[in-house]
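Asker: What follows is the file coords_33.cif, containing mmCIF, C-alpha atoms:
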```
data_data
#
loop_
_atom_site.label_atom_id
_atom_site.label_comp_id
_atom_site.auth_asym_id
_atom_site.auth_seq_id
_atom_site.Cartn_x
_atom_site.Cartn_y
_atom_site.Cartn_z
CA MET A 1 -20.75 30.45 29.98
CA THR A 2 -20.10 26.79 29.22
CA LYS A 3 -21.97 27.06 25.92
CA VAL A 4 -19.93 30.08 24.90
CA LEU A 5 -16.70 28.27 25.77
CA LEU A 6 -17.73 25.17 23.81
CA ALA A 7 -18.71 27.31 20.82
CA ALA A 8 -15.33 29.07 20.91
CA VAL A 9 -13.46 25.75 21.01
CA PHE A 10 -15.56 24.39 18.15
CA LEU A 11 -14.93 27.47 16.01
CA ALA A 12 -11.21 27.35 16.74
CA LEU A 13 -10.95 23.69 15.76
CA ALA A 14 -13.31 23.77 12.76
CA PRO A 15 -10.72 24.95 10.18
CA ALA A 16 -8.37 22.10 11.09
CA ALA A 17 -11.18 19.56 10.84
CA LEU A 18 -12.18 20.89 7.44
CA ALA A 19 -8.64 20.97 6.06
CA GLN A 20 -8.44 19.17 2.74
CA VAL A 21 -6.53 15.94 2.51
CA ASP A 22 -4.79 15.18 -0.76
CA ALA A 23 -3.24 11.72 -0.83
CA SER A 24 -2.28 12.24 -4.48
CA ILE A 25 0.61 14.41 -3.26
CA VAL A 26 3.53 12.06 -2.71
CA PRO A 27 6.04 13.03 0.00
CA GLU A 28 9.51 13.93 -1.28
CA ASP A 29 11.12 11.13 0.72
CA ALA A 30 8.71 8.45 -0.54
CA PRO A 31 9.87 5.42 -2.53
CA ALA A 32 10.56 5.64 -6.24
CA TRP A 33 7.11 4.83 -7.60
CA PHE A 34 6.90 3.46 -11.12
CA GLY A 35 4.15 3.95 -13.64
CA LEU A 36 1.99 0.84 -14.01
CA GLU A 37 3.54 -0.36 -17.27
CA GLU A 38 7.04 0.41 -16.01
CA ALA A 39 6.39 -1.54 -12.78
CA ILE A 40 5.21 -4.55 -14.77
CA ALA A 41 8.29 -4.43 -17.03
CA LYS A 42 10.63 -4.08 -14.03
CA ALA A 43 8.96 -6.96 -12.20
CA GLN A 44 9.22 -9.23 -15.23
CA ALA A 45 12.84 -8.30 -15.97
CA GLU A 46 14.02 -8.64 -12.36
CA ASP A 47 11.64 -11.30 -10.98
CA ARG A 48 9.99 -8.91 -8.53
CA VAL A 49 6.54 -8.76 -7.05
CA ILE A 50 4.37 -5.88 -8.26
CA LEU A 51 2.96 -3.79 -5.45
CA VAL A 52 -0.15 -1.92 -6.55
CA TYR A 53 -0.91 0.66 -3.87
CA GLY A 54 -4.58 1.61 -4.21
CA TYR A 55 -5.47 5.02 -2.86
CA ALA A 56 -7.94 7.89 -3.26
CA SER A 57 -6.94 11.54 -3.13
CA TRP A 58 -9.50 12.27 -0.37
CA CYS A 59 -8.36 9.38 1.85
CA GLY A 60 -6.83 10.59 5.11
CA TYR A 61 -5.42 7.16 5.93
CA CYS A 62 -3.76 7.06 2.50
CA ALA A 63 -2.03 10.37 3.22
CA ARG A 64 -0.92 9.01 6.62
CA PHE A 65 0.33 5.83 4.94
CA ASP A 66 2.42 7.92 2.56
CA ALA A 67 3.80 10.08 5.37
CA ASN A 68 4.36 7.42 8.05
CA VAL A 69 4.93 4.10 6.29
CA PHE A 70 6.32 4.66 2.81
CA THR A 71 8.86 7.17 4.16
CA ASP A 72 10.26 4.61 6.62
CA ASP A 73 13.85 3.70 5.69
CA ALA A 74 13.43 -0.06 6.26
CA VAL A 75 10.21 -0.18 4.23
CA GLN A 76 11.84 1.76 1.40
CA ALA A 77 14.95 -0.43 1.38
CA TYR A 78 12.86 -3.61 1.19
CA LEU A 79 10.62 -2.18 -1.53
CA ASN A 80 13.64 -1.06 -3.56
CA GLU A 81 15.25 -4.49 -3.35
CA HIS A 82 12.26 -6.79 -3.87
CA TYR A 83 9.30 -4.95 -5.39
CA ALA A 84 8.16 -2.95 -8.36
CA PRO A 85 5.82 -0.49 -6.62
CA THR A 86 3.15 1.53 -8.39
CA ARG A 87 0.40 3.82 -7.16
CA LEU A 88 -3.16 3.38 -8.39
CA ASP A 89 -5.65 6.22 -8.03
CA LEU A 90 -8.86 4.27 -7.59
CA GLU A 91 -10.89 7.16 -9.01
CA ASP A 92 -8.75 7.70 -12.11
CA GLU A 93 -10.77 7.57 -15.34
CA ALA A 94 -7.69 7.68 -17.58
CA THR A 95 -6.93 4.54 -19.58
CA MET A 96 -3.79 2.56 -18.69
CA GLN A 97 -2.28 -0.72 -19.75
CA PHE A 98 -2.35 -3.61 -17.25
CA PHE A 99 -0.72 -6.56 -18.98
CA ASP A 100 -3.00 -7.29 -21.98
CA ALA A 101 -5.92 -5.13 -20.82
CA GLU A 102 -6.65 -1.44 -21.24
CA VAL A 103 -8.39 -0.27 -18.08
CA THR A 104 -9.04 2.81 -16.01
CA GLY A 105 -7.95 3.11 -12.40
CA VAL A 106 -11.58 2.65 -11.41
CA GLU A 107 -11.88 -0.57 -13.44
CA LEU A 108 -8.58 -1.99 -12.23
CA GLY A 109 -9.50 -1.30 -8.61
CA GLN A 110 -12.82 -3.07 -9.15
CA ALA A 111 -11.13 -6.02 -10.90
CA MET A 112 -8.77 -6.33 -7.93
CA ALA A 113 -11.78 -6.20 -5.58
CA ILE A 114 -10.39 -3.21 -3.70
CA SER A 115 -13.23 -2.15 -1.44
CA GLY A 116 -11.45 0.35 0.80
CA THR A 117 -8.48 2.64 0.93
CA PRO A 118 -5.64 2.30 1.33
CA THR A 119 -5.13 -1.21 -0.01
CA SER A 120 -1.89 -2.84 -1.12
CA VAL A 121 -2.38 -5.46 -3.81
CA PHE A 122 0.42 -7.89 -4.59
CA VAL A 123 0.57 -9.17 -8.17
CA ASP A 124 2.93 -11.69 -9.80
CA THR A 125 4.80 -11.18 -13.07
CA GLU A 126 1.93 -12.74 -15.04
CA GLY A 127 -0.70 -10.39 -13.64
CA ALA A 128 -2.23 -12.82 -11.15
CA LEU A 129 -3.33 -11.53 -7.76
CA ILE A 130 -1.18 -12.96 -4.97
CA THR A 131 -2.91 -11.36 -2.00
CA LYS A 132 -4.13 -8.03 -0.63
CA PHE A 133 -3.30 -6.06 2.48
CA PRO A 134 -6.16 -3.64 3.19
CA GLY A 135 -6.13 -0.68 5.51
CA TYR A 136 -3.67 1.45 7.39
CA THR A 137 -0.93 -0.03 9.57
CA ASP A 138 2.37 1.03 11.06
CA ALA A 139 5.70 0.72 9.22
CA GLU A 140 6.88 -2.32 11.21
CA THR A 141 3.76 -4.35 10.43
CA TYR A 142 3.83 -3.28 6.78
CA LEU A 143 7.44 -4.44 6.50
CA TYR A 144 6.32 -7.82 7.82
CA ALA A 145 3.59 -7.85 5.15
CA LEU A 146 6.16 -7.13 2.43
CA LYS A 147 8.37 -9.96 3.67
CA TYR A 148 5.38 -12.30 4.10
CA VAL A 149 4.50 -11.91 0.44
CA ARG A 150 8.05 -11.93 -0.94
CA GLU A 151 8.97 -15.04 1.07
CA GLU A 152 5.70 -16.68 -0.05
CA ALA A 153 4.85 -17.41 3.58
CA TYR A 154 1.17 -16.82 2.73
CA GLN A 155 1.14 -20.28 1.14
CA THR A 156 1.60 -22.01 4.48
CA THR A 157 1.09 -19.53 7.31
CA ALA A 158 -1.51 -17.04 8.47
CA PHE A 159 -0.16 -13.49 8.57
CA ASP A 160 -0.72 -13.11 12.34
CA ALA A 161 1.27 -16.27 13.03
CA TYR A 162 4.03 -15.08 10.69
CA VAL A 163 4.31 -11.76 12.55
CA VAL A 164 4.45 -13.50 15.94
CA ALA A 165 7.18 -15.82 14.65
CA GLN A 166 9.18 -12.90 13.25
CA ARG A 167 8.91 -10.90 16.46
CA THR A 168 9.83 -13.81 18.72
CA GLY A 169 12.37 -15.56 16.50
CA LEU A 170 10.34 -18.76 16.33
CA THR A 171 10.68 -21.07 13.36
CA LEU A 172 7.40 -21.91 11.71
CA ALA A 173 6.67 -25.53 10.91
CA PRO A 174 5.15 -26.16 7.46
CA ALA A 175 1.39 -26.68 7.57
#
```
Could you rewrite the structure in this file as structure tokens?

Answerer:
Amino acid sequence: MTKVLLAAVFLALAPAALAQVDASIVPEDAPAWFGLEEAIAKAQAEDRVILVYGYASWCGYCARFDANVFTDDAVQAYLNEHYAPTRLDLEDEATMQFFDAEVTGVELGQAMAISGTPTSVFVDTEGALITKFPGYTDAETYLYALKYVREEAYQTTAFDAYVVAQRTGLTLAPA
């Protein structure tokens, strides 16, 4: 009887487990993503940081990031004010322009040393890598990451210490 019950539960849950994830579908209430060249031009014209969001269409955490983090009002407001965000399909074989280089999404992801998805890569207006934020996190922590980069706190403070200071209202002493 137990085996029959377990088999029934497994068969009932199997379709949900096999459901396809497609992180290339951007939620309607997501930020205004720019094409790569457009993001670079906006960043240079408005002195913004370029956020390159590396994802793969099959990545479940990427789809969750889109649905739970990029749709957050505070995250969107901060992105809109301080960043030039662009999405990078890490499996894209199409050629795109990244500053003076013609690259594919695969090549750009490799050049940025993206080894997992999702990964947020922060780039300055000259094309230099500032830092990376790999993996999935909640909207509050991601907002701290956006502020950490924009405020250039990474130059003097570890991210964990920055978050603690932000949450507690402590002032960080320069290192």

Asker: Select from range 142-169 of chain A every residue with an atom at most 12 Å from any atom of range 54-78 of chain A, then for each give the shortest pair of atoms and their distance in Å to one decimal, using all atoms listed in the file, rows by chain and rising number, as CSV.

Answerer:
```
residue,atom,partner,partner_atom,distance
A:Tyr142,CA,A:Val69,CA,7.5
A:Leu143,CA,A:Val75,CA,5.6
A:Tyr144,CA,A:Val75,CA,9.3
A:Ala145,CA,A:Val75,CA,10.2
A:Leu146,CA,A:Tyr78,CA,7.7
A:Lys147,CA,A:Tyr78,CA,8.2
A:Tyr148,CA,A:Tyr78,CA,11.8
A:Val149,CA,A:Tyr78,CA,11.8
A:Arg150,CA,A:Tyr78,CA,9.8
```

Asker: For each of A:Ala153, A:Ile50, A:Ala139, A:Val163, take the minimum atom-to-atom distance to Ser120 in chain A, counting all atoms listed in the file, then give the residue where this is smallest.

Answerer: A:Ile50

Asker: Rank A:Phe122, A:Tyr53, A:Phe98, A:Tyr136 by their smallest atom-to-atom distance to Thr86 in chain A, using only C-alpha atoms, and report the top residue only.

Answerer: A:Tyr53

Asker: Please write as number ranges by chain the full residue list that the PyMOL selection byres ((chain A and resi 131) around 8) yields on this file.

Answerer: A: 121-123, 129-130, 132-133, 149

Asker: Just how far from CA of Val49 in chain A is CA of Gln110 in chain A, in Å to one decimal?

Answerer: 20.3 Å
